[in-house]
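K.L.:
Below are the structure tokens for one structure; questions will follow.
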Amino acid sequence: MTTLEMSAKPAVPVRTPRVNLKQEGERFALVGAWLLLIVTFGILMPDSFLSWRNFSTMFGSQAVLVVLTLGIIIPLTSGDFDLSGASTLTMSSMLIGVLNARDGWGLAPTLIIALASGLVIGAVNAFFVLYFRIHSLIVTLGVGTFVNGLILWISKSQTISGVSMSLVEWVIINRLFGIPLAFFYALLLAAVIWYVLEYTIAGRRLLFVGRGREVSRLNGINVDRVRAVSFIVSGLIAALAGVFYAGMTGSADPLSGLNLLLPAFAAAFLGATTISPGRFNAFGAVISVYFLVTGITGLTMLGADAYVQNLFYGGALVIAVALSQLVRNRQPQEFS
């Protein structure tokens, strides 16, 4: 072929990928709903709701819930429930209160023991679920209730105050752009989980196991090991949430942390409908937490009664599960 013939040959058009508007709409529908919620409350209460102080309070105060939700989505991704997350959080914060505030231990060894408690609880969950082949819902509910009893025992059913100010400073007092550092810790953790799930072999195995355990076994994946690690990591992250909880309040309460379980699951399932629809994902969980909190905050500022919070979170959980199944084309998801 001559040079002239080559130059006369028509160029092959380069195809640019088309944007799937329906798919992108699914991915960012919750973000749009969140912005609509902000605009609505902003119109109703422009001076109070739209103040930077209000947003910085929401972002900082809910960092504990964000971290707990991020811990819960790890076993959910592999097809397991962890109902002991809030109990692990409370145990971690109570160990800080008992060892640091009451017994005078240094902050560093106290934090190590608090985080280790999450590893132990996660390992216990994994042992009973995988060795005895008991449904994760039953095991984690029982372990969580048992841990609640331990918390009441070591605390003598009392709130313990006086946690080291160093922890309080690095969690809630020190700020960046007026927002407590706890918010940025939570974002960093979300970024780490996102990277692990998207770009590491361990993360892909976790997703694969959640999609189908028998298929995963046939492909040579040690399913029990993946599930065990998911429980242990979940316990560790829940214990980290307990560290932040103690730093937020400067104390340890034997009961109040337990109220975070329902909001965490509501945010986890709602997060499965956004960013990466059809599966649990870190940034979807973060957006869901602040969507729910924005609704609660706005209704509270409008003078809604306290029971509205339970209605909002309970309704959000049911709707979130329904929406996540619609995104999955109503395919049954295997939980055990």
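In the structure tokens, each chain is lettered A, B, ... as it comes, each chain's residues begin at 1, and ligands are numbered from 1 in order of appearance.
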Quick one: everything within 12 Å of Phe128 (chain A), counting only C-alpha atoms, minus sequence neighbours fewer than 4 positions away in the same chain. Send it as an mmCIF file with N, CA, C and O atoms, in the first residue's frame.
P.N.:
data_model
loop_
_atom_site.group_PDB
_atom_site.id
_atom_site.type_symbol
_atom_site.label_atom_id
_atom_site.label_comp_id
_atom_site.auth_asym_id
_atom_site.auth_seq_id
_atom_site.Cartn_x
_atom_site.Cartn_y
_atom_site.Cartn_z
ATOM 1 N N ILE A 121 -13.992 -9.384 70.795
ATOM 2 C CA ILE A 121 -15.426 -9.573 70.534
ATOM 3 C C ILE A 121 -15.653 -10.037 69.103
ATOM 4 O O ILE A 121 -16.463 -10.930 68.840
ATOM 5 N N GLY A 122 -14.924 -9.444 68.157
ATOM 6 C CA GLY A 122 -15.044 -9.878 66.772
ATOM 7 C C GLY A 122 -14.628 -11.322 66.587
ATOM 8 O O GLY A 122 -15.267 -12.082 65.836
ATOM 9 N N ALA A 123 -13.555 -11.727 67.270
ATOM 10 C CA ALA A 123 -13.083 -13.111 67.174
ATOM 11 C C ALA A 123 -14.099 -14.081 67.769
ATOM 12 O O ALA A 123 -14.313 -15.181 67.238
ATOM 13 N N VAL A 124 -14.726 -13.698 68.877
ATOM 14 C CA VAL A 124 -15.755 -14.551 69.500
ATOM 15 C C VAL A 124 -16.937 -14.712 68.545
ATOM 16 O O VAL A 124 -17.464 -15.830 68.364
ATOM 17 N N PHE A 132 -19.668 -23.368 64.803
ATOM 18 C CA PHE A 132 -20.937 -24.036 65.100
ATOM 19 C C PHE A 132 -21.983 -23.844 64.008
ATOM 20 O O PHE A 132 -23.082 -24.391 64.110
ATOM 21 N N ARG A 133 -21.643 -23.024 62.983
ATOM 22 C CA ARG A 133 -22.559 -22.778 61.867
ATOM 23 C C ARG A 133 -23.907 -22.227 62.339
ATOM 24 O O ARG A 133 -24.985 -22.687 61.940
ATOM 25 N N ILE A 134 -23.833 -21.232 63.220
ATOM 26 C CA ILE A 134 -25.042 -20.566 63.723
ATOM 27 C C ILE A 134 -25.220 -19.268 62.946
ATOM 28 O O ILE A 134 -24.238 -18.617 62.568
ATOM 29 N N HIS A 135 -26.462 -18.899 62.717
ATOM 30 C CA HIS A 135 -26.742 -17.651 61.992
ATOM 31 C C HIS A 135 -26.096 -16.463 62.712
ATOM 32 O O HIS A 135 -26.197 -16.333 63.928
ATOM 33 N N SER A 136 -25.450 -15.604 61.932
ATOM 34 C CA SER A 136 -24.736 -14.458 62.517
ATOM 35 C C SER A 136 -25.668 -13.525 63.281
ATOM 36 O O SER A 136 -25.252 -12.872 64.247
ATOM 37 N N LEU A 137 -26.928 -13.452 62.863
ATOM 38 C CA LEU A 137 -27.889 -12.594 63.552
ATOM 39 C C LEU A 137 -28.055 -13.036 65.003
ATOM 40 O O LEU A 137 -28.066 -12.211 65.929
ATOM 41 N N ILE A 138 -28.159 -14.344 65.222
ATOM 42 C CA ILE A 138 -28.364 -14.881 66.575
ATOM 43 C C ILE A 138 -27.103 -14.729 67.412
ATOM 44 O O ILE A 138 -27.144 -14.292 68.569
ATOM 45 N N VAL A 139 -25.953 -15.083 66.827
ATOM 46 C CA VAL A 139 -24.698 -15.035 67.580
ATOM 47 C C VAL A 139 -24.367 -13.616 68.019
ATOM 48 O O VAL A 139 -24.079 -13.358 69.193
ATOM 49 N N THR A 140 -24.408 -12.686 67.082
ATOM 50 C CA THR A 140 -23.999 -11.319 67.425
ATOM 51 C C THR A 140 -24.988 -10.639 68.364
ATOM 52 O O THR A 140 -24.598 -9.800 69.176
ATOM 53 N N LEU A 141 -26.274 -11.011 68.255
ATOM 54 C CA LEU A 141 -27.247 -10.486 69.213
ATOM 55 C C LEU A 141 -26.942 -11.007 70.610
ATOM 56 O O LEU A 141 -26.961 -10.254 71.589
ATOM 57 N N GLY A 142 -26.640 -12.313 70.717
ATOM 58 C CA GLY A 142 -26.320 -12.895 72.018
ATOM 59 C C GLY A 142 -25.023 -12.355 72.588
ATOM 60 O O GLY A 142 -24.944 -12.012 73.781
ATOM 61 N N VAL A 143 -23.988 -12.265 71.751
ATOM 62 C CA VAL A 143 -22.700 -11.736 72.220
ATOM 63 C C VAL A 143 -22.850 -10.278 72.637
ATOM 64 O O VAL A 143 -22.308 -9.852 73.668
ATOM 65 N N ASP A 224 -14.431 -19.117 54.918
ATOM 66 C CA ASP A 224 -14.483 -18.975 56.378
ATOM 67 C C ASP A 224 -13.451 -17.962 56.871
ATOM 68 O O ASP A 224 -13.731 -17.186 57.786
ATOM 69 N N ARG A 227 -14.723 -14.436 56.084
ATOM 70 C CA ARG A 227 -15.804 -14.046 56.988
ATOM 71 C C ARG A 227 -15.274 -13.775 58.402
ATOM 72 O O ARG A 227 -15.717 -12.828 59.068
ATOM 73 N N ALA A 228 -14.326 -14.593 58.844
ATOM 74 C CA ALA A 228 -13.747 -14.391 60.176
ATOM 75 C C ALA A 228 -13.037 -13.041 60.252
ATOM 76 O O ALA A 228 -13.209 -12.289 61.230
ATOM 77 N N PHE A 231 -15.517 -10.149 60.627
ATOM 78 C CA PHE A 231 -16.012 -9.954 61.987
ATOM 79 C C PHE A 231 -14.969 -9.259 62.864
ATOM 80 O O PHE A 231 -15.289 -8.362 63.657
#
K.L.:
Just the residues within 9 Å of Leu30 (chain A), please, counting only C-alpha atoms, with nothing from its chain fewer than 4 positions along; format it as a list in words.
P.N.:
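That gives Glu26, Trp34, Leu35, Leu270, Gly271, Thr273, Thr274, Ile275, Gly284, Ile287, Ser288 and Phe291 of chain A.
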K.L.:
Can you list, as a compact mmCIF listing (two decimals) with C-alpha atoms, in the first residue's frame, every protein, DNA or RNA residue that comes within 12 Å of Phe59 (chain A) when you count only C-alpha atoms, leaving out same-chain residues fewer than 5 positions away?
P.N.:
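Okay, this is what ended up in out.txt:
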# COMPACT_ATOMS: atom_id res chain seq x y z
CA TRP A 52 -21.76 27.17 59.67
CA ARG A 53 -21.96 26.45 63.38
CA ASN A 54 -24.92 24.14 62.79
CA VAL A 64 -18.95 8.26 65.97
CA LEU A 65 -22.02 7.06 64.06
CA VAL A 66 -20.09 7.24 60.78
CA ILE A 172 -13.60 17.21 69.61
CA ARG A 175 -10.70 21.71 64.80
CA LEU A 176 -9.99 22.16 61.11
CA PHE A 177 -12.14 24.71 59.25
CA GLY A 178 -14.19 24.89 62.43
CA ILE A 179 -15.06 21.16 62.27
CA PRO A 180 -13.84 18.75 65.00
CA LEU A 181 -11.02 16.45 63.94
CA ALA A 182 -13.22 13.39 64.56
CA PHE A 183 -15.02 14.15 61.28
CA PHE A 184 -11.77 14.01 59.32
CA TYR A 185 -10.74 10.78 61.06
CA ALA A 186 -14.02 9.26 59.90
CA LEU A 187 -13.47 10.47 56.33
CA VAL A 286 -21.03 8.43 55.05
CA ILE A 287 -23.54 10.28 52.86
CA VAL A 289 -25.41 9.12 57.91
CA TYR A 290 -25.44 12.83 57.19
CA PHE A 291 -28.64 12.60 55.15
CA LEU A 292 -30.40 11.01 58.13
CA VAL A 293 -28.82 13.39 60.64
CA THR A 294 -29.78 16.40 58.53
CA THR A 297 -31.63 18.02 63.02
K.L.:
According to DSSP computed on the backbone, where in region 263-307 of chain A is there helix (DSSP H, G or I)? Give the residues as JSON, numbers by chain.
P.N.:
{"A": [263, 264, 265, 266, 267, 268, 269, 270, 271, 282, 283, 284, 285, 286, 287, 288, 289, 290, 291, 292, 293, 294, 295, 296, 297, 298, 299, 300, 301, 307]}
K.L.:
Please identify every residue of region 141-230 of chain A that has at least one atom no farther than 8 Å from an atom of region 102-108 of chain A, counting only C-alpha atoms, and for each give the shortest atom pair and the distance in Å to one decimal, arranged by chain then increasing number, as JSON lines.
P.N.:
{"residue": "A:Ile160", "atom": "CA", "partner": "A:Arg102", "partner_atom": "CA", "distance": 7.4}
{"residue": "A:Gly162", "atom": "CA", "partner": "A:Arg102", "partner_atom": "CA", "distance": 7.8}
{"residue": "A:Ser164", "atom": "CA", "partner": "A:Leu107", "partner_atom": "CA", "distance": 7.0}
{"residue": "A:Leu167", "atom": "CA", "partner": "A:Leu107", "partner_atom": "CA", "distance": 7.9}
K.L.:
Could you take the residues named above and write them with N, CA, C and O atoms, as a PDB file, in the first residue's frame?
P.N.:
ATOM      1  N   ILE A 160     -19.067   7.115  84.063  1.00  0.00           N
ATOM      2  CA  ILE A 160     -17.743   7.455  84.589  1.00  0.00           C
ATOM      3  C   ILE A 160     -17.203   8.641  83.799  1.00  0.00           C
ATOM      4  O   ILE A 160     -17.055   8.573  82.580  1.00  0.00           O
ATOM      5  N   GLY A 162     -14.313  12.090  83.504  1.00  0.00           N
ATOM      6  CA  GLY A 162     -12.919  12.416  83.801  1.00  0.00           C
ATOM      7  C   GLY A 162     -11.915  11.785  82.859  1.00  0.00           C
ATOM      8  O   GLY A 162     -10.745  11.597  83.213  1.00  0.00           O
ATOM      9  N   SER A 164      -9.149  11.456  80.014  1.00  0.00           N
ATOM     10  CA  SER A 164      -8.013  12.326  79.729  1.00  0.00           C
ATOM     11  C   SER A 164      -8.364  13.426  78.730  1.00  0.00           C
ATOM     12  O   SER A 164      -8.937  13.167  77.672  1.00  0.00           O
ATOM     13  N   LEU A 167      -7.239  13.076  74.973  1.00  0.00           N
ATOM     14  CA  LEU A 167      -8.141  12.398  74.035  1.00  0.00           C
ATOM     15  C   LEU A 167      -9.257  13.333  73.595  1.00  0.00           C
ATOM     16  O   LEU A 167      -9.597  13.389  72.408  1.00  0.00           O
TER      17      LEU A 167
END
K.L.:
Residues within 8 Å of region 194-203 of chain A, please, as a VMD selection string. Count only C-alpha atoms; anything in the same chain fewer than 3 positions from it doesn't count.
P.N.:
chain A and resid 190 to 191 206 to 207 281 to 283
K.L.:
Write the residues of the selection above to a file with all heavy atoms, as a PDB file, in the first residue's frame.
P.N.:
ATOM      1  N   ALA A 190     -13.113   6.064  55.938  1.00  0.00           N
ATOM      2  CA  ALA A 190     -13.954   5.741  54.786  1.00  0.00           C
ATOM      3  C   ALA A 190     -13.105   5.594  53.525  1.00  0.00           C
ATOM      4  O   ALA A 190     -13.334   4.686  52.713  1.00  0.00           O
ATOM      5  CB  ALA A 190     -15.021   6.818  54.590  1.00  0.00           C
ATOM      6  N   ALA A 191     -12.116   6.472  53.365  1.00  0.00           N
ATOM      7  CA  ALA A 191     -11.243   6.396  52.191  1.00  0.00           C
ATOM      8  C   ALA A 191     -10.424   5.107  52.198  1.00  0.00           C
ATOM      9  O   ALA A 191     -10.231   4.474  51.153  1.00  0.00           O
ATOM     10  CB  ALA A 191     -10.316   7.614  52.152  1.00  0.00           C
ATOM     11  N   LEU A 206     -13.682 -10.227  49.625  1.00  0.00           N
ATOM     12  CA  LEU A 206     -14.817  -9.944  50.509  1.00  0.00           C
ATOM     13  C   LEU A 206     -16.087  -9.719  49.702  1.00  0.00           C
ATOM     14  O   LEU A 206     -17.156 -10.260  50.025  1.00  0.00           O
ATOM     15  CB  LEU A 206     -14.497  -8.719  51.370  1.00  0.00           C
ATOM     16  CG  LEU A 206     -15.485  -8.365  52.479  1.00  0.00           C
ATOM     17  CD1 LEU A 206     -15.432  -9.405  53.582  1.00  0.00           C
ATOM     18  CD2 LEU A 206     -15.174  -6.982  53.052  1.00  0.00           C
ATOM     19  N   LEU A 207     -15.987  -8.929  48.630  1.00  0.00           N
ATOM     20  CA  LEU A 207     -17.137  -8.673  47.774  1.00  0.00           C
ATOM     21  C   LEU A 207     -17.604  -9.952  47.082  1.00  0.00           C
ATOM     22  O   LEU A 207     -18.808 -10.207  46.960  1.00  0.00           O
ATOM     23  CB  LEU A 207     -16.774  -7.617  46.728  1.00  0.00           C
ATOM     24  CG  LEU A 207     -16.529  -6.196  47.243  1.00  0.00           C
ATOM     25  CD1 LEU A 207     -15.905  -5.338  46.153  1.00  0.00           C
ATOM     26  CD2 LEU A 207     -17.819  -5.563  47.727  1.00  0.00           C
ATOM     27  N   ASN A 281     -21.085   0.247  50.577  1.00  0.00           N
ATOM     28  CA  ASN A 281     -19.859   0.978  50.245  1.00  0.00           C
ATOM     29  C   ASN A 281     -19.622   2.101  51.240  1.00  0.00           C
ATOM     30  O   ASN A 281     -20.559   2.615  51.857  1.00  0.00           O
ATOM     31  CB  ASN A 281     -19.920   1.516  48.817  1.00  0.00           C
ATOM     32  CG  ASN A 281     -21.017   2.532  48.613  1.00  0.00           C
ATOM     33  OD1 ASN A 281     -20.811   3.735  48.726  1.00  0.00           O
ATOM     34  ND2 ASN A 281     -22.244   2.061  48.314  1.00  0.00           N
ATOM     35  N   ALA A 282     -18.368   2.467  51.383  1.00  0.00           N
ATOM     36  CA  ALA A 282     -17.962   3.377  52.452  1.00  0.00           C
ATOM     37  C   ALA A 282     -18.532   4.782  52.285  1.00  0.00           C
ATOM     38  O   ALA A 282     -19.134   5.331  53.213  1.00  0.00           O
ATOM     39  CB  ALA A 282     -16.434   3.435  52.530  1.00  0.00           C
ATOM     40  N   PHE A 283     -18.346   5.368  51.114  1.00  0.00           N
ATOM     41  CA  PHE A 283     -18.791   6.754  50.945  1.00  0.00           C
ATOM     42  C   PHE A 283     -20.308   6.854  50.885  1.00  0.00           C
ATOM     43  O   PHE A 283     -20.892   7.861  51.289  1.00  0.00           O
ATOM     44  CB  PHE A 283     -18.145   7.362  49.701  1.00  0.00           C
ATOM     45  CG  PHE A 283     -16.685   7.655  49.875  1.00  0.00           C
ATOM     46  CD1 PHE A 283     -15.737   7.005  49.103  1.00  0.00           C
ATOM     47  CD2 PHE A 283     -16.254   8.552  50.828  1.00  0.00           C
ATOM     48  CE1 PHE A 283     -14.388   7.258  49.278  1.00  0.00           C
ATOM     49  CE2 PHE A 283     -14.906   8.821  51.018  1.00  0.00           C
ATOM     50  CZ  PHE A 283     -13.970   8.160  50.233  1.00  0.00           C
TER      51      PHE A 283
END
K.L.:
Quick one: residues within 12 Å of Ile112 (chain A), only C-alpha atoms counted, chain neighbours fewer than 6 positions away excluded, as a PyMOL selection string?
P.N.:
chain A and resi 92-93+95-96+99-100+105-106+118-119+236+239-240+243
K.L.:
Could you write those residues out with N, CA and C atoms, as an mmCIF file, in the first residue's frame?
P.N.:
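For reference, part_4.cif as written:
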data_model
loop_
_atom_site.group_PDB
_atom_site.id
_atom_site.type_symbol
_atom_site.label_atom_id
_atom_site.label_comp_id
_atom_site.auth_asym_id
_atom_site.auth_seq_id
_atom_site.Cartn_x
_atom_site.Cartn_y
_atom_site.Cartn_z
ATOM 1 N N SER A 92 -15.708 -0.467 74.621
ATOM 2 C CA SER A 92 -14.448 0.243 74.397
ATOM 3 C C SER A 92 -14.410 1.556 75.172
ATOM 4 N N SER A 93 -15.491 2.330 75.060
ATOM 5 C CA SER A 93 -15.526 3.615 75.774
ATOM 6 C C SER A 93 -15.538 3.406 77.287
ATOM 7 N N LEU A 95 -14.150 0.872 78.950
ATOM 8 C CA LEU A 95 -12.800 0.495 79.376
ATOM 9 C C LEU A 95 -11.913 1.725 79.517
ATOM 10 N N ILE A 96 -12.099 2.683 78.629
ATOM 11 C CA ILE A 96 -11.349 3.942 78.750
ATOM 12 C C ILE A 96 -11.747 4.671 80.024
ATOM 13 N N LEU A 99 -10.383 2.399 83.142
ATOM 14 C CA LEU A 99 -8.926 2.312 83.279
ATOM 15 C C LEU A 99 -8.272 3.689 83.373
ATOM 16 N N ASN A 100 -8.700 4.607 82.526
ATOM 17 C CA ASN A 100 -8.053 5.915 82.482
ATOM 18 C C ASN A 100 -8.600 6.868 83.542
ATOM 19 N N TRP A 105 -4.867 4.852 84.759
ATOM 20 C CA TRP A 105 -3.933 4.321 83.768
ATOM 21 C C TRP A 105 -3.577 5.420 82.761
ATOM 22 N N GLY A 106 -2.412 5.266 82.131
ATOM 23 C CA GLY A 106 -2.022 6.169 81.065
ATOM 24 C C GLY A 106 -2.916 5.993 79.846
ATOM 25 N N GLY A 118 -12.271 -4.868 71.027
ATOM 26 C CA GLY A 118 -13.014 -5.028 69.782
ATOM 27 C C GLY A 118 -12.543 -6.238 68.999
ATOM 28 N N LEU A 119 -11.225 -6.474 68.994
ATOM 29 C CA LEU A 119 -10.680 -7.652 68.313
ATOM 30 C C LEU A 119 -11.190 -8.935 68.961
ATOM 31 N N LEU A 236 -12.920 -4.291 65.568
ATOM 32 C CA LEU A 236 -11.874 -3.282 65.765
ATOM 33 C C LEU A 236 -12.382 -1.883 65.444
ATOM 34 N N ALA A 239 -14.725 -0.678 68.096
ATOM 35 C CA ALA A 239 -13.963 -0.245 69.275
ATOM 36 C C ALA A 239 -13.345 1.132 69.042
ATOM 37 N N LEU A 240 -12.894 1.384 67.814
ATOM 38 C CA LEU A 240 -12.378 2.714 67.480
ATOM 39 C C LEU A 240 -13.472 3.766 67.621
ATOM 40 N N VAL A 243 -13.646 4.698 71.146
ATOM 41 C CA VAL A 243 -12.599 5.658 71.528
ATOM 42 C C VAL A 243 -13.047 7.072 71.201
#
K.L.:
Would you mind listing what lies within 12 Å of Thr88 (chain A) as a count of residues only, with only C-alpha atoms counted and same-chain residues fewer than 3 positions away left out?
P.N.:
54
K.L.:
Quick one, how far is CA of Ile296 (chain A) from CA of Ala86 (chain A)?
P.N.:
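Interatomic distance, CA of Ile296 (chain A) to CA of Ala86 (chain A): 20.0 Å.
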K.L.:
Skipping near chain neighbours, those fewer than 4 positions away, what residues fall within 6 Å of Thr77 (chain A) using only C-alpha atoms, listed as a compact mmCIF listing (two decimals) with C-alpha atoms, in the first residue's frame?
P.N.:
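File result-v6.txt, as written:
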# COMPACT_ATOMS: atom_id res chain seq x y z
CA ILE A 73 -20.70 -2.65 56.46
CA GLY A 210 -20.86 -11.65 49.67
CA PHE A 280 -22.48 -1.72 50.70
K.L.:
Could you give me the residues within region 1-212 of chain A that DSSP places in strand (DSSP E), as a list of chain:residue names?
P.N.:
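Reading the DSSP output for region 1-212 of chain A, strand (DSSP E) covers A:Ile160, A:Ser161, A:Arg175, A:Leu176, A:Ile179, A:Pro180.
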K.L.:
Those residues with all heavy atoms, as an mmCIF file, in the first residue's frame please?
P.N.:
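Written file, result02.cif:
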data_model
loop_
_atom_site.group_PDB
_atom_site.id
_atom_site.type_symbol
_atom_site.label_atom_id
_atom_site.label_comp_id
_atom_site.auth_asym_id
_atom_site.auth_seq_id
_atom_site.Cartn_x
_atom_site.Cartn_y
_atom_site.Cartn_z
ATOM 1 N N ILE A 160 -19.067 7.115 84.063
ATOM 2 C CA ILE A 160 -17.743 7.455 84.589
ATOM 3 C C ILE A 160 -17.203 8.641 83.799
ATOM 4 O O ILE A 160 -17.055 8.573 82.580
ATOM 5 C CB ILE A 160 -16.775 6.260 84.483
ATOM 6 C CG1 ILE A 160 -17.325 5.079 85.278
ATOM 7 C CG2 ILE A 160 -15.390 6.644 84.983
ATOM 8 C CD1 ILE A 160 -16.503 3.821 85.141
ATOM 9 N N SER A 161 -16.922 9.719 84.464
ATOM 10 C CA SER A 161 -16.407 10.926 83.813
ATOM 11 C C SER A 161 -14.937 11.125 84.166
ATOM 12 O O SER A 161 -14.392 10.426 85.018
ATOM 13 C CB SER A 161 -17.223 12.154 84.251
ATOM 14 O OG SER A 161 -17.179 12.299 85.657
ATOM 15 N N ARG A 175 -9.825 21.607 65.963
ATOM 16 C CA ARG A 175 -10.700 21.707 64.801
ATOM 17 C C ARG A 175 -9.928 22.108 63.550
ATOM 18 O O ARG A 175 -8.872 22.729 63.634
ATOM 19 C CB ARG A 175 -11.834 22.714 65.048
ATOM 20 C CG ARG A 175 -12.764 22.282 66.184
ATOM 21 C CD ARG A 175 -13.804 23.322 66.523
ATOM 22 N NE ARG A 175 -14.700 22.813 67.560
ATOM 23 C CZ ARG A 175 -16.009 22.627 67.390
ATOM 24 N NH1 ARG A 175 -16.573 22.926 66.248
ATOM 25 N NH2 ARG A 175 -16.745 22.142 68.373
ATOM 26 N N LEU A 176 -10.504 21.747 62.411
ATOM 27 C CA LEU A 176 -9.991 22.158 61.114
ATOM 28 C C LEU A 176 -11.164 22.730 60.333
ATOM 29 O O LEU A 176 -12.181 22.049 60.159
ATOM 30 C CB LEU A 176 -9.376 20.959 60.382
ATOM 31 C CG LEU A 176 -8.731 21.228 59.024
ATOM 32 C CD1 LEU A 176 -7.540 22.168 59.170
ATOM 33 C CD2 LEU A 176 -8.299 19.914 58.365
ATOM 34 N N ILE A 179 -14.432 22.478 62.095
ATOM 35 C CA ILE A 179 -15.056 21.160 62.274
ATOM 36 C C ILE A 179 -14.146 20.298 63.138
ATOM 37 O O ILE A 179 -12.931 20.246 62.906
ATOM 38 C CB ILE A 179 -15.274 20.470 60.915
ATOM 39 C CG1 ILE A 179 -16.126 21.360 60.003
ATOM 40 C CG2 ILE A 179 -15.942 19.106 61.096
ATOM 41 C CD1 ILE A 179 -16.265 20.826 58.598
ATOM 42 N N PRO A 180 -14.671 19.613 64.154
ATOM 43 C CA PRO A 180 -13.841 18.750 64.998
ATOM 44 C C PRO A 180 -13.062 17.721 64.182
ATOM 45 O O PRO A 180 -13.541 17.223 63.151
ATOM 46 C CB PRO A 180 -14.861 18.073 65.924
ATOM 47 C CG PRO A 180 -16.007 19.031 65.985
ATOM 48 C CD PRO A 180 -16.077 19.663 64.631
#
K.L.:
Report, in Å to a single decimal, how far apart CA of Ala63 (chain A) and CA of Phe244 (chain A) are.
P.N.:
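These atoms are spaced 7.9 Å apart.
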K.L.:
Just checking: using only C-alpha atoms, which residue out of A:Ala268, A:Leu311, A:Leu302, A:Val321 ends up closest to Ile43 (chain A)?
P.N.:
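Nearest to Ile43 (chain A): A:Leu302.
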K.L.:
Can you work out the spacing between CA of Thr249 (chain A) and CA of Pro109 (chain A) in Å, to one decimal?
P.N.:
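About the pair CA of Thr249 (chain A) and CA of Pro109 (chain A): they are 19.9 Å apart.
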